[in-house]
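*Asks:* entry_15.tsv is reproduced in full below (TSV, C-alpha atoms).
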```tsv
chain	number	residue	atom	x	y	z
F	1	MET	CA	108.34	49.12	87.25
F	2	CYS	CA	107.91	49.41	83.49
F	3	LYS	CA	110.66	52.01	83.18
F	4	ASP	CA	113.08	49.79	85.05
F	5	CYS	CA	112.48	46.39	83.58
F	6	GLY	CA	115.00	46.74	80.76
F	7	CYS	CA	112.62	45.30	78.21
F	8	SER	CA	113.09	47.70	75.31
F	9	ALA	CA	113.74	45.85	72.12
F	10	GLY	CA	117.05	46.26	70.29
F	11	PRO	CA	118.06	45.38	66.74
F	12	GLY	CA	119.38	42.00	65.67
F	13	LYS	CA	116.42	39.63	65.61
F	14	VAL	CA	117.33	35.98	65.18
F	15	GLU	CA	114.74	33.36	64.21
F	16	VAL	CA	114.98	30.30	66.43
F	17	HIS	CA	112.92	27.13	66.17
F	18	ASP	CA	112.54	25.02	69.27
F	19	ALA	CA	110.15	22.53	70.79
F	20	THR	CA	107.80	25.23	72.02
F	21	GLY	CA	107.21	26.86	68.63
F	22	VAL	CA	108.73	29.59	66.52
F	23	ILE	CA	110.40	32.28	68.54
F	24	SER	CA	112.48	35.26	67.50
F	25	ARG	CA	115.28	36.31	69.77
F	26	LYS	CA	116.62	39.83	69.89
F	27	SER	CA	120.11	40.84	71.00
F	28	SER	CA	118.55	42.57	74.02
F	29	GLY	CA	117.51	39.14	75.28
F	30	GLU	CA	113.84	39.74	74.53
F	31	ILE	CA	112.15	36.87	72.76
F	32	SER	CA	108.93	36.93	70.78
F	33	VAL	CA	106.79	33.81	70.76
F	34	ASP	CA	104.24	33.24	68.01
F	35	VAL	CA	101.32	31.70	69.90
F	36	LEU	CA	98.25	31.83	67.61
F	37	GLN	CA	96.00	30.63	70.42
F	38	ASN	CA	92.31	31.29	70.82
F	39	ILE	CA	92.02	33.61	73.84
F	40	LEU	CA	89.03	31.67	75.18
F	41	HIS	CA	90.90	28.39	74.83
F	42	GLN	CA	90.30	27.38	78.46
F	43	ASN	CA	86.60	28.16	78.34
F	44	ASP	CA	86.27	26.31	75.06
F	45	HIS	CA	88.15	23.32	76.43
F	46	ALA	CA	85.71	23.20	79.36
F	47	ALA	CA	82.83	23.60	76.89
F	48	ALA	CA	84.08	20.61	74.89
F	49	HIS	CA	84.25	18.66	78.14
F	50	ASN	CA	80.62	19.57	78.97
F	51	ARG	CA	79.52	18.68	75.44
F	52	HIS	CA	81.28	15.33	75.76
F	53	HIS	CA	79.24	14.67	78.94
F	54	PHE	CA	76.00	15.59	77.15
F	55	ASP	CA	76.91	13.50	74.10
F	56	SER	CA	77.90	10.43	76.06
F	57	HIS	CA	74.59	10.48	77.94
F	58	GLY	CA	72.53	11.32	74.85
F	59	VAL	CA	71.23	14.45	76.57
F	60	LEU	CA	70.21	17.38	74.39
F	61	ALA	CA	71.69	20.65	75.75
F	62	VAL	CA	70.02	23.89	74.70
F	63	ASN	CA	71.39	27.34	75.57
F	64	LEU	CA	68.58	29.90	75.81
F	65	MET	CA	69.59	33.51	75.36
F	66	SER	CA	67.73	36.81	75.08
F	67	SER	CA	67.51	40.25	76.59
F	68	PRO	CA	65.95	40.37	80.08
F	69	GLY	CA	62.18	39.97	80.03
F	70	SER	CA	61.81	38.22	76.67
F	71	GLY	CA	60.12	35.28	78.33
F	72	LYS	CA	62.81	32.58	78.63
F	73	THR	CA	61.56	31.26	81.97
F	74	ARG	CA	57.93	31.42	80.89
F	75	LEU	CA	58.78	29.52	77.72
F	76	LEU	CA	60.48	26.84	79.81
F	77	GLU	CA	57.50	26.58	82.17
F	78	GLU	CA	55.14	25.98	79.28
F	79	THR	CA	57.62	23.65	77.55
F	80	ILE	CA	57.79	21.52	80.70
F	81	GLU	CA	53.97	21.51	80.82
F	82	ALA	CA	53.81	20.36	77.21
F	83	ILE	CA	56.55	17.72	77.02
F	84	GLY	CA	57.49	17.03	80.65
F	85	ASP	CA	55.66	13.72	80.53
F	86	ARG	CA	57.66	12.57	77.50
F	87	TYR	CA	61.13	13.87	78.36
F	88	ARG	CA	63.10	14.04	81.58
F	89	ILE	CA	64.12	17.69	81.79
F	90	ALA	CA	66.48	19.71	83.97
F	91	VAL	CA	67.26	23.41	83.87
F	92	VAL	CA	70.42	25.37	84.69
F	93	GLU	CA	69.43	28.94	85.54
F	94	GLY	CA	71.81	31.89	85.24
F	95	ASP	CA	71.00	35.18	86.92
F	96	LEU	CA	72.99	37.95	88.54
F	97	GLU	CA	70.96	37.57	91.74
F	98	THR	CA	68.00	35.61	93.21
F	99	GLU	CA	66.83	32.03	92.89
F	100	ASN	CA	63.41	33.13	91.60
F	101	ASP	CA	63.65	31.47	88.19
F	102	ALA	CA	64.86	28.17	89.64
F	103	LEU	CA	61.92	28.23	92.08
F	104	ARG	CA	59.51	28.69	89.17
F	105	ILE	CA	61.02	25.73	87.33
F	106	ARG	CA	61.06	23.50	90.44
F	107	ALA	CA	57.39	24.31	90.94
F	108	LYS	CA	56.85	22.42	87.67
F	109	GLY	CA	58.45	19.33	89.21
F	110	VAL	CA	61.72	19.64	87.33
F	111	PRO	CA	65.21	19.93	88.88
F	112	ALA	CA	66.73	23.38	88.49
F	113	ILE	CA	70.25	24.46	89.42
F	114	GLN	CA	70.56	28.19	90.01
F	115	ILE	CA	73.86	29.87	89.19
F	116	THR	CA	74.02	33.37	90.64
F	117	THR	CA	76.78	35.16	88.80
F	118	GLY	CA	76.97	38.32	90.95
F	119	GLN	CA	78.39	41.00	88.68
F	120	THR	CA	79.18	38.63	85.82
F	121	CYS	CA	76.96	39.27	82.84
F	122	HIS	CA	77.13	35.82	81.25
F	123	LEU	CA	77.51	32.13	82.02
F	124	ASP	CA	80.76	30.43	81.12
F	125	ALA	CA	81.61	26.78	80.57
F	126	HIS	CA	83.20	26.37	84.01
F	127	MET	CA	80.08	27.60	85.79
F	128	VAL	CA	77.95	25.20	83.79
F	129	HIS	CA	80.37	22.38	84.50
F	130	ASP	CA	80.00	22.98	88.25
F	131	ALA	CA	76.21	23.03	87.88
F	132	LEU	CA	76.26	19.74	85.95
F	133	HIS	CA	77.86	18.05	88.95
F	134	ALA	CA	74.56	18.59	90.76
F	135	LEU	CA	72.63	16.74	88.02
F	136	ASP	CA	72.58	13.06	87.09
F	137	LEU	CA	72.75	13.18	83.30
F	138	ALA	CA	71.98	9.46	83.11
F	139	THR	CA	68.43	10.26	84.24
F	140	LEU	CA	67.82	13.13	81.79
F	141	ASP	CA	66.84	13.72	78.15
F	142	ILE	CA	67.10	17.51	77.87
F	143	VAL	CA	69.07	20.13	79.80
F	144	PHE	CA	68.05	23.72	79.20
F	145	ILE	CA	70.60	26.33	80.15
F	146	GLU	CA	68.85	29.65	80.68
F	147	ASN	CA	71.61	32.18	80.24
F	148	VAL	CA	71.78	35.60	81.92
F	149	GLY	CA	69.38	38.00	80.21
F	150	ASN	CA	71.77	39.92	77.98
F	151	LEU	CA	72.11	40.12	74.19
F	152	VAL	CA	75.83	40.86	74.22
F	153	CYS	CA	78.10	38.97	76.59
F	154	PRO	CA	76.68	35.41	76.55
F	155	ALA	CA	77.32	35.22	72.80
F	156	SER	CA	81.08	34.97	73.29
F	157	PHE	CA	81.09	32.01	75.69
F	158	ASP	CA	80.55	28.45	74.52
F	159	LEU	CA	78.98	26.39	77.31
F	160	GLY	CA	79.04	22.97	75.65
F	161	GLN	CA	75.46	23.20	74.36
F	162	HIS	CA	74.23	21.50	71.20
F	163	ALA	CA	72.27	24.51	70.07
F	164	ASN	CA	71.79	28.19	70.79
F	165	VAL	CA	68.22	29.40	70.91
F	166	THR	CA	67.66	33.14	71.03
F	167	LEU	CA	64.36	34.73	72.00
F	168	LEU	CA	63.30	38.09	70.59
F	169	SER	CA	60.00	39.23	72.01
F	170	VAL	CA	57.69	41.17	69.73
F	171	ALA	CA	57.62	43.95	72.31
F	172	GLU	CA	61.25	44.65	71.36
F	173	GLY	CA	62.42	46.21	68.12
F	174	ASP	CA	62.46	43.94	65.08
F	175	ASP	CA	65.93	45.29	64.25
F	176	LYS	CA	67.54	43.64	67.30
F	177	PRO	CA	69.41	41.12	65.08
F	178	ALA	CA	71.06	44.04	63.27
F	179	LYS	CA	71.94	45.70	66.58
F	180	TYR	CA	73.29	42.53	68.21
F	181	PRO	CA	74.79	40.65	65.27
F	182	VAL	CA	77.15	38.45	67.24
F	183	MET	CA	74.39	36.77	69.22
F	184	PHE	CA	71.93	36.40	66.35
F	185	ARG	CA	74.64	35.11	64.03
F	186	ALA	CA	75.38	32.39	66.59
F	187	SER	CA	71.71	31.40	66.93
F	188	ASP	CA	70.64	27.95	65.73
F	189	LEU	CA	67.01	28.92	66.27
F	190	VAL	CA	65.36	32.32	66.74
F	191	LEU	CA	62.01	32.50	68.51
F	192	PHE	CA	59.86	35.60	68.23
F	193	SER	CA	58.30	35.27	71.66
F	194	LYS	CA	55.05	36.79	72.97
F	195	SER	CA	53.80	36.69	69.39
F	196	ASP	CA	50.20	36.62	70.65
F	197	LEU	CA	50.85	40.34	71.21
F	198	LEU	CA	51.62	41.05	67.54
F	199	PRO	CA	48.24	42.73	67.01
F	200	VAL	CA	49.17	45.19	69.76
F	201	PHE	CA	52.83	45.64	68.83
F	202	ASP	CA	52.08	45.94	65.14
F	203	ASP	CA	55.31	47.82	64.45
F	204	PHE	CA	57.17	44.52	64.93
F	205	SER	CA	57.43	42.83	61.55
F	206	PRO	CA	58.42	39.14	61.80
F	207	ALA	CA	59.46	39.23	58.13
F	208	ARG	CA	61.72	42.24	58.71
F	209	ALA	CA	63.22	40.62	61.83
F	210	GLU	CA	63.88	37.45	59.85
F	211	GLY	CA	65.50	39.54	57.12
F	212	PHE	CA	67.95	40.95	59.68
F	213	VAL	CA	68.78	37.39	60.80
F	214	ARG	CA	69.40	36.33	57.16
F	215	ALA	CA	71.68	39.36	56.69
F	216	LEU	CA	73.96	37.69	59.23
F	217	ALA	CA	74.44	34.79	56.81
F	218	ASN	CA	72.29	32.72	59.14
F	219	ASP	CA	69.80	30.20	57.75
F	220	ALA	CA	68.50	29.23	61.21
F	221	ASP	CA	64.84	28.38	61.68
F	222	VAL	CA	62.77	31.35	62.83
F	223	PHE	CA	59.44	30.71	64.61
F	224	ALA	CA	56.83	33.05	66.05
F	225	VAL	CA	55.78	31.51	69.38
F	226	SER	CA	53.74	32.31	72.43
F	227	ALA	CA	53.89	30.64	75.83
F	228	ARG	CA	50.28	31.71	76.36
F	229	GLN	CA	48.90	29.88	73.33
F	230	PRO	CA	49.71	26.16	73.06
F	231	ASP	CA	49.16	26.10	69.28
F	232	LEU	CA	51.84	28.78	68.92
F	233	LEU	CA	54.34	26.61	70.81
F	234	ALA	CA	54.07	23.70	68.37
F	235	PRO	CA	56.96	24.61	66.01
F	236	TRP	CA	59.31	24.96	68.98
F	237	LEU	CA	58.23	21.65	70.49
F	238	ASP	CA	58.61	19.94	67.10
F	239	TRP	CA	62.09	21.43	66.79
F	240	LEU	CA	63.01	19.94	70.18
F	241	ASP	CA	61.51	16.54	69.28
F	242	ALA	CA	63.53	16.40	66.08
F	243	ARG	CA	66.77	17.14	67.90
F	244	VAL	CA	66.20	14.67	70.73
F	245	LEU	CA	65.50	11.96	68.16
F	246	SER	CA	68.46	12.97	66.03
F	247	LEU	CA	70.80	12.85	69.03
F	248	ARG	CA	69.46	9.43	70.02
F	249	ALA	CA	70.09	8.25	66.45
F	250	GLY	CA	73.74	9.09	66.96
F	251	THR	CA	73.92	12.35	65.03
F	252	VAL	CA	76.83	14.55	66.05
F	253	MET	CA	75.19	17.87	66.87
F	254	ARG	CA	77.14	21.09	67.23
F	255	PRO	CA	76.10	24.75	67.39
F	256	ARG	CA	76.67	26.61	64.12
F	257	MET	CA	79.28	28.82	65.73
F	258	VAL	CA	81.79	26.65	67.50
F	259	ARG	CA	85.47	27.43	67.69
F	260	PRO	CA	87.89	24.63	66.82
F	261	ASP	CA	89.00	24.15	70.46
F	262	ALA	CA	85.42	23.38	71.47
F	263	ALA	CA	84.53	21.17	68.51
F	264	VAL	CA	86.60	18.17	69.54
F	265	ALA	CA	86.10	15.90	72.51
F	266	PRO	CA	88.66	16.56	75.26
Z	267	MET	CA	80.98	43.96	80.34
Z	268	HIS	CA	82.53	40.61	79.55
Z	269	GLU	CA	85.84	42.12	78.44
Z	270	MET	CA	87.24	41.67	81.97
Z	271	ALA	CA	86.57	37.94	81.74
Z	272	ILE	CA	88.19	37.88	78.28
Z	273	CYS	CA	91.21	39.69	79.73
Z	274	GLN	CA	91.55	37.20	82.54
Z	275	SER	CA	91.56	34.39	79.97
Z	276	LEU	CA	94.11	36.30	77.91
Z	277	LEU	CA	96.40	36.81	80.90
Z	278	SER	CA	96.06	33.17	81.84
Z	279	GLU	CA	97.25	32.16	78.33
Z	280	VAL	CA	100.06	34.74	78.49
Z	281	GLY	CA	101.08	33.32	81.87
Z	282	ARG	CA	101.30	29.84	80.38
Z	283	VAL	CA	103.57	31.09	77.61
Z	284	ALA	CA	105.79	32.83	80.16
Z	285	VAL	CA	106.09	29.64	82.24
Z	286	ALA	CA	106.80	27.51	79.17
Z	287	HIS	CA	109.74	29.56	77.95
Z	288	PRO	CA	110.48	30.44	80.83
Z	289	ALA	CA	110.37	34.16	81.48
Z	290	THR	CA	109.41	36.42	84.34
Z	291	VAL	CA	108.52	39.59	82.48
Z	292	VAL	CA	106.14	39.98	79.56
Z	293	THR	CA	106.82	43.11	77.56
Z	294	ARG	CA	104.28	42.93	74.76
Z	295	VAL	CA	101.08	41.06	74.01
Z	296	VAL	CA	99.72	41.08	70.46
Z	297	ILE	CA	96.14	39.98	69.87
Z	298	ALA	CA	93.80	39.96	66.88
Z	299	VAL	CA	90.17	40.90	67.46
Z	300	GLY	CA	87.39	41.02	64.89
Z	301	PRO	CA	84.03	42.77	65.30
Z	302	LEU	CA	82.17	39.44	65.11
Z	303	SER	CA	84.00	38.13	68.18
Z	304	GLY	CA	81.68	40.24	70.29
Z	305	VAL	CA	84.58	41.93	72.04
Z	306	GLU	CA	84.78	45.71	72.26
Z	307	THR	CA	88.42	46.68	71.86
Z	308	ALA	CA	88.25	49.95	73.82
Z	309	GLN	CA	86.68	48.10	76.76
Z	310	LEU	CA	89.29	45.38	76.37
Z	311	GLU	CA	92.13	47.91	76.63
Z	312	ARG	CA	90.65	49.40	79.80
Z	313	ALA	CA	90.09	45.95	81.28
Z	314	PHE	CA	93.66	44.93	80.44
Z	315	ASP	CA	95.03	47.90	82.38
Z	316	LEU	CA	93.24	46.63	85.49
Z	317	ALA	CA	93.61	42.90	85.02
Z	318	ARG	CA	97.36	42.90	84.33
Z	319	GLN	CA	98.19	44.32	87.79
Z	320	GLY	CA	100.17	41.84	89.83
Z	321	THR	CA	100.64	39.46	86.90
Z	322	VAL	CA	103.70	38.58	84.81
Z	323	ALA	CA	102.28	41.00	82.21
Z	324	GLU	CA	102.10	43.91	84.63
Z	325	CYS	CA	104.25	46.15	82.41
Z	326	ALA	CA	103.24	44.68	79.08
Z	327	VAL	CA	102.00	46.72	76.17
Z	328	LEU	CA	98.78	45.40	74.63
Z	329	GLU	CA	98.68	45.65	70.84
Z	330	ILE	CA	95.33	44.96	69.23
Z	331	GLU	CA	95.16	44.12	65.53
Z	332	ARG	CA	91.61	44.82	64.40
Z	333	THR	CA	90.66	42.34	61.72
Z	334	PRO	CA	88.05	43.45	59.18
Z	335	VAL	CA	84.88	41.52	58.42
Z	336	VAL	CA	85.33	39.85	55.02
Z	337	ILE	CA	82.89	37.41	53.44
Z	338	TRP	CA	83.25	35.01	50.51
Z	339	CYS	CA	80.48	34.37	47.98
Z	340	ASP	CA	80.95	31.02	46.29
Z	341	PRO	CA	78.73	31.55	43.20
Z	342	CYS	CA	80.33	34.95	42.48
Z	343	GLY	CA	83.81	33.80	43.44
Z	344	ILE	CA	84.57	37.09	45.19
Z	345	GLU	CA	85.38	38.40	48.64
Z	346	SER	CA	83.63	41.48	50.01
Z	347	PRO	CA	84.53	43.65	53.00
Z	348	VAL	CA	81.26	44.17	54.85
Z	349	ALA	CA	79.72	45.58	58.03
Z	350	ALA	CA	79.31	43.19	60.98
Z	351	ASN	CA	75.53	43.21	60.62
Z	352	LYS	CA	75.37	42.93	56.84
Z	353	LEU	CA	77.06	39.72	55.82
Z	354	VAL	CA	75.88	39.74	52.22
Z	355	CYS	CA	77.75	39.50	48.92
Z	356	GLY	CA	78.82	42.87	47.52
Z	357	ARG	CA	77.94	41.75	43.98
Z	358	CYS	CA	74.82	39.54	44.08
Z	359	GLY	CA	73.47	40.47	47.53
Z	360	SER	CA	73.17	36.84	48.66
Z	361	TRP	CA	73.42	36.08	52.38
Z	362	ARG	CA	74.50	32.51	51.66
Z	363	VAL	CA	78.12	33.45	52.15
Z	364	THR	CA	81.07	32.35	54.25
Z	365	VAL	CA	82.76	34.60	56.78
Z	366	LYS	CA	86.48	34.60	55.94
Z	367	SER	CA	87.62	36.93	58.74
Z	368	GLY	CA	86.23	39.19	61.39
Z	369	ASP	CA	85.38	36.75	64.16
Z	370	ASP	CA	88.94	36.38	65.45
Z	371	LEU	CA	89.76	36.43	69.13
Z	372	LEU	CA	93.34	35.33	68.99
Z	373	LEU	CA	96.50	35.63	71.06
Z	374	LYS	CA	99.08	36.06	68.30
Z	375	ARG	CA	102.40	36.88	69.90
Z	376	VAL	CA	103.99	37.37	73.31
Z	377	SER	CA	107.31	39.15	73.89
Z	378	LEU	CA	109.21	38.10	76.98
Z	379	VAL	CA	112.35	38.76	78.96
Z	380	ASP	CA	113.68	36.24	81.43
Z	381	ALA	CA	114.94	37.19	84.85
Z	382	PRO	CA	118.73	36.69	84.53
Z	383	GLN	CA	118.87	38.66	81.28
Z	384	GLN	CA	116.76	41.35	82.82
Z	385	GLN	CA	119.24	41.65	85.70
Z	386	SER	CA	122.27	41.66	83.41
Z	387	ALA	CA	120.65	44.25	81.15
Z	388	SER	CA	120.05	46.61	84.04
Z	389	GLY	CA	123.17	45.84	86.01
```
How does this structure look as structure tokens?

*Replies:*
Amino acid sequence: MCKDCGCSAGPGKVEVHDATGVISRKSSGEISVDVLQNILHQNDHAAAHNRHHFDSHGVLAVNLMSSPGSGKTRLLEETIEAIGDRYRIAVVEGDLETENDALRIRAKGVPAIQITTGQTCHLDAHMVHDALHALDLATLDIVFIENVGNLVCPASFDLGQHANVTLLSVAEGDDKPAKYPVMFRASDLVLFSKSDLLPVFDDFSPARAEGFVRALANDADVFAVSARQPDLLAPWLDWLDARVLSLRAGTVMRPRMVRPDAAVAP
Amino acid sequence: MHEMAICQSLLSEVGRVAVAHPATVVTRVVIAVGPLSGVETAQLERAFDLARQGTVAECAVLEIERTPVVIWCDPCGIESPVAANKLVCGRCGSWRVTVKSGDDLLLKRVSLVDAPQQQSASG
């Protein structure tokens, strides 16, 4: 088909301005349209819509990201244990397959909506929007979105969250932020999880890991936490408290990396 | 691999441009992609080859402009080209810098032919 479509450009470009933008017309009949449009415009529009829902209900939305096995679900279980009596919490779970994580969250007495993405390696704003229809935001204070375990793909898709929280377990390399700069640059908080294991995994240096985060021009808070030791969860719980209060006080909260399409209310 | 999802978004935007103008054949799609967008351009090219089948951009050429990562240091008043994982000032070494380019994921230009002109060109 390509050989036959007669689309080869000829000389004689003419600049034309019309209602749809600047186009250049060639004598062959081919026109060129300057678009300058964010490719993820539709996702970001849906993300702005989700964020508008969260904002209008005063619900804090936190997107949790990490590689598989860094302890996102375990962190949520212990977070619910610690603050579930003070805040009404719901969780949106993203996994390729199974409802296992949602079952773990529901066992804590908290509603959990499982999104099974099949072969899709990330959540997008439309999936989260569909999940939100199953929740009554008027009855909630915090929605955690547990993204698919993956340090690459979720970083590119705004979901409408107020903040991105990335877990890096101390059993992983402390140079992960240098290896996955897009995700760690977009992080509003980095948690070094399983930090009770630091004496065992003594080749993980929290200071070095933090240095790699700073080298991404990111001044995000960095906390060493452990879901197995309540005293090591305190900085994370304080961080959540501060943001819930801030949101209730009317502060406009946005993730540090938000594209213009997703920054405005739809 | 999220490049397939990115491609589907790209083709959706291209489709909207084709409908708006209107045209039935897209001949060229020009995009700008920076390393900090999180999109791998080689994967994107392969995904585009698959995703464009059966769309208005089925015979379109995809041109990718790779934008470099450039940061601005306010105290030094200089720009530095840097690696995606080392966003620090080339002079003072500070990480308190602003990214000027390198996180682009932009549909820049679409070239189109409409159906009647296509027929007259070939007939």

*Asks:* Provide the CA of His45 (chain F) to CA of Val285 (chain Z) distance in Å, to one decimal place.

*Replies:*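 Computed distance, CA of His45 (chain F) to CA of Val285 (chain Z), equals 19.9 Å.
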
*Asks:* Which value, in Å to one decimal, gives the distance between CA of Arg294 (chain Z) and CA of Cys153 (chain F)?

*Replies:* 26.5 Å

*Asks:* Show me which bits of chain F are within 8 Å of chain Z, counting only C-alpha atoms, as a PyMOL selection string.

*Replies:* chain F and resi 1-2+4-7+20+28-42+120-122+152-153+155-156+177-182+212+214-218

*Asks:* Here is a test: counting only C-alpha atoms, which residue of Z:Ala317, Z:Ile330, Z:Gly300, Z:Gly368 is nearest to Ser346 (chain Z)?

*Replies:*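 Of all the options, Z:Gly368 lies closest to Ser346 (chain Z).
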
*Asks:* Compile the contact shell of His126 (chain F) as number ranges by chain: residues with an atom at most 8 Å away, counting all atoms listed in the file, same-chain residues fewer than 5 positions apart removed.

*Replies:* F: 43, 46-47, 159

*Asks:* Near Leu135 (chain F), counting only C-alpha atoms, which residues have an atom at most 10 Å away, once you skip same-chain residues fewer than 4 positions from it, shown as a list in words?

*Replies:*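 Neighbouring residues, sequence-local ones excluded: Ala90, Val91, Val92, Pro111, Ala112, Ile113, Asp130, Ala131, Thr139, Leu140 and Val143 of chain F.
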
*Asks:* In Å, rounded to a single decimal, give me how far CA of Val252 (chain F) is from CA of Ser56 (chain F).

*Replies:*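 About the pair CA of Ser56 (chain F) and CA of Val252 (chain F): they are 10.9 Å apart.
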
*Asks:* Could you tell me which of F:Glu93, F:Asp55, F:Asp44, F:Glu172 comes closest to Ser246 (chain F) if we count only C-alpha atoms?

*Replies:*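 Comparing F:Glu93, F:Asp55, F:Asp44, F:Glu172 against Ser246 (chain F), the winner is F:Asp55.
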
*Asks:* Fewer than 5 positions away in the same chain doesn't count, so skip those; otherwise give me all residues within 9 Å of Met257 (chain F), counting all atoms listed in the file, as a VMD selection string.

*Replies:* chain F and resid 158 185 to 188

*Asks:* Keeping only C-alpha atoms, write the selected residues to a file as a short mmCIF file (atom, residue, chain, number, x, y, z; two decimals), keeping the file's coordinate frame.

*Replies:*
```
data_model
loop_
_atom_site.label_atom_id
_atom_site.label_comp_id
_atom_site.auth_asym_id
_atom_site.auth_seq_id
_atom_site.Cartn_x
_atom_site.Cartn_y
_atom_site.Cartn_z
CA ASP F 158 80.55 28.45 74.52
CA ARG F 185 74.64 35.11 64.03
CA ALA F 186 75.38 32.39 66.59
CA SER F 187 71.71 31.40 66.93
CA ASP F 188 70.64 27.95 65.73
#
```

*Asks:* Could you pull out every residue with an atom within 9 Å of (65.0, 36.7, 71.7), file coordinates, counting all atoms listed in the file, and send them as a compact mmCIF listing (two decimals) with C-alpha atoms, in the coordinates of the input?

*Replies:*
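Once written, result-v7.txt looks like this:
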```
# COMPACT_ATOMS: atom_id res chain seq x y z
CA LEU F 64 68.58 29.90 75.81
CA MET F 65 69.59 33.51 75.36
CA SER F 66 67.73 36.81 75.08
CA SER F 67 67.51 40.25 76.59
CA SER F 70 61.81 38.22 76.67
CA GLY F 71 60.12 35.28 78.33
CA LYS F 72 62.81 32.58 78.63
CA LEU F 151 72.11 40.12 74.19
CA VAL F 165 68.22 29.40 70.91
CA THR F 166 67.66 33.14 71.03
CA LEU F 167 64.36 34.73 72.00
CA LEU F 168 63.30 38.09 70.59
CA SER F 169 60.00 39.23 72.01
CA VAL F 170 57.69 41.17 69.73
CA GLU F 172 61.25 44.65 71.36
CA LYS F 176 67.54 43.64 67.30
CA PHE F 184 71.93 36.40 66.35
CA VAL F 190 65.36 32.32 66.74
CA LEU F 191 62.01 32.50 68.51
CA PHE F 192 59.86 35.60 68.23
CA SER F 193 58.30 35.27 71.66
```

*Asks:* Neighbours of Val336 (chain Z) within 6 Å (only C-alpha atoms; same-chain residues fewer than 4 positions away dropped), as a list in words?

*Replies:* Ser346, Pro347, Val348, Lys366 and Ser367 of chain Z

*Asks:* Could you write region 345-356 of chain Z as a tab-separated table (two decimals), keeping the file's coordinate frame, with N, CA and C atoms rebuilt where they are missing?

*Replies:*
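Wrote result27.tsv, looks like this:
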```
chain	number	residue	atom	x	y	z
Z	345	GLU	N	85.42	37.98	47.24
Z	345	GLU	CA	85.38	38.40	48.64
Z	345	GLU	C	84.81	39.80	48.71
Z	346	SER	N	84.11	40.11	49.80
Z	346	SER	CA	83.63	41.48	50.01
Z	346	SER	C	83.91	41.90	51.44
Z	347	PRO	N	84.47	43.10	51.65
Z	347	PRO	CA	84.53	43.65	53.00
Z	347	PRO	C	83.15	44.19	53.35
Z	348	VAL	N	82.64	43.82	54.51
Z	348	VAL	CA	81.26	44.17	54.85
Z	348	VAL	C	81.16	44.65	56.30
Z	349	ALA	N	80.01	45.22	56.64
Z	349	ALA	CA	79.72	45.58	58.03
Z	349	ALA	C	79.35	44.32	58.81
Z	350	ALA	N	79.53	44.37	60.14
Z	350	ALA	CA	79.31	43.19	60.98
Z	350	ALA	C	77.87	42.72	60.95
Z	351	ASN	N	76.94	43.62	60.63
Z	351	ASN	CA	75.53	43.21	60.62
Z	351	ASN	C	74.96	43.12	59.21
Z	352	LYS	N	75.83	43.08	58.22
Z	352	LYS	CA	75.37	42.93	56.84
Z	352	LYS	C	76.30	42.01	56.08
Z	353	LEU	N	76.17	40.73	56.38
Z	353	LEU	CA	77.06	39.72	55.82
Z	353	LEU	C	76.47	39.22	54.50
Z	354	VAL	N	76.44	40.10	53.52
Z	354	VAL	CA	75.88	39.74	52.22
Z	354	VAL	C	76.89	40.08	51.12
Z	355	CYS	N	76.80	39.34	50.02
Z	355	CYS	CA	77.75	39.50	48.92
Z	355	CYS	C	77.65	40.91	48.31
Z	356	GLY	N	78.80	41.53	48.09
Z	356	GLY	CA	78.82	42.87	47.52
Z	356	GLY	C	78.35	42.91	46.07
```
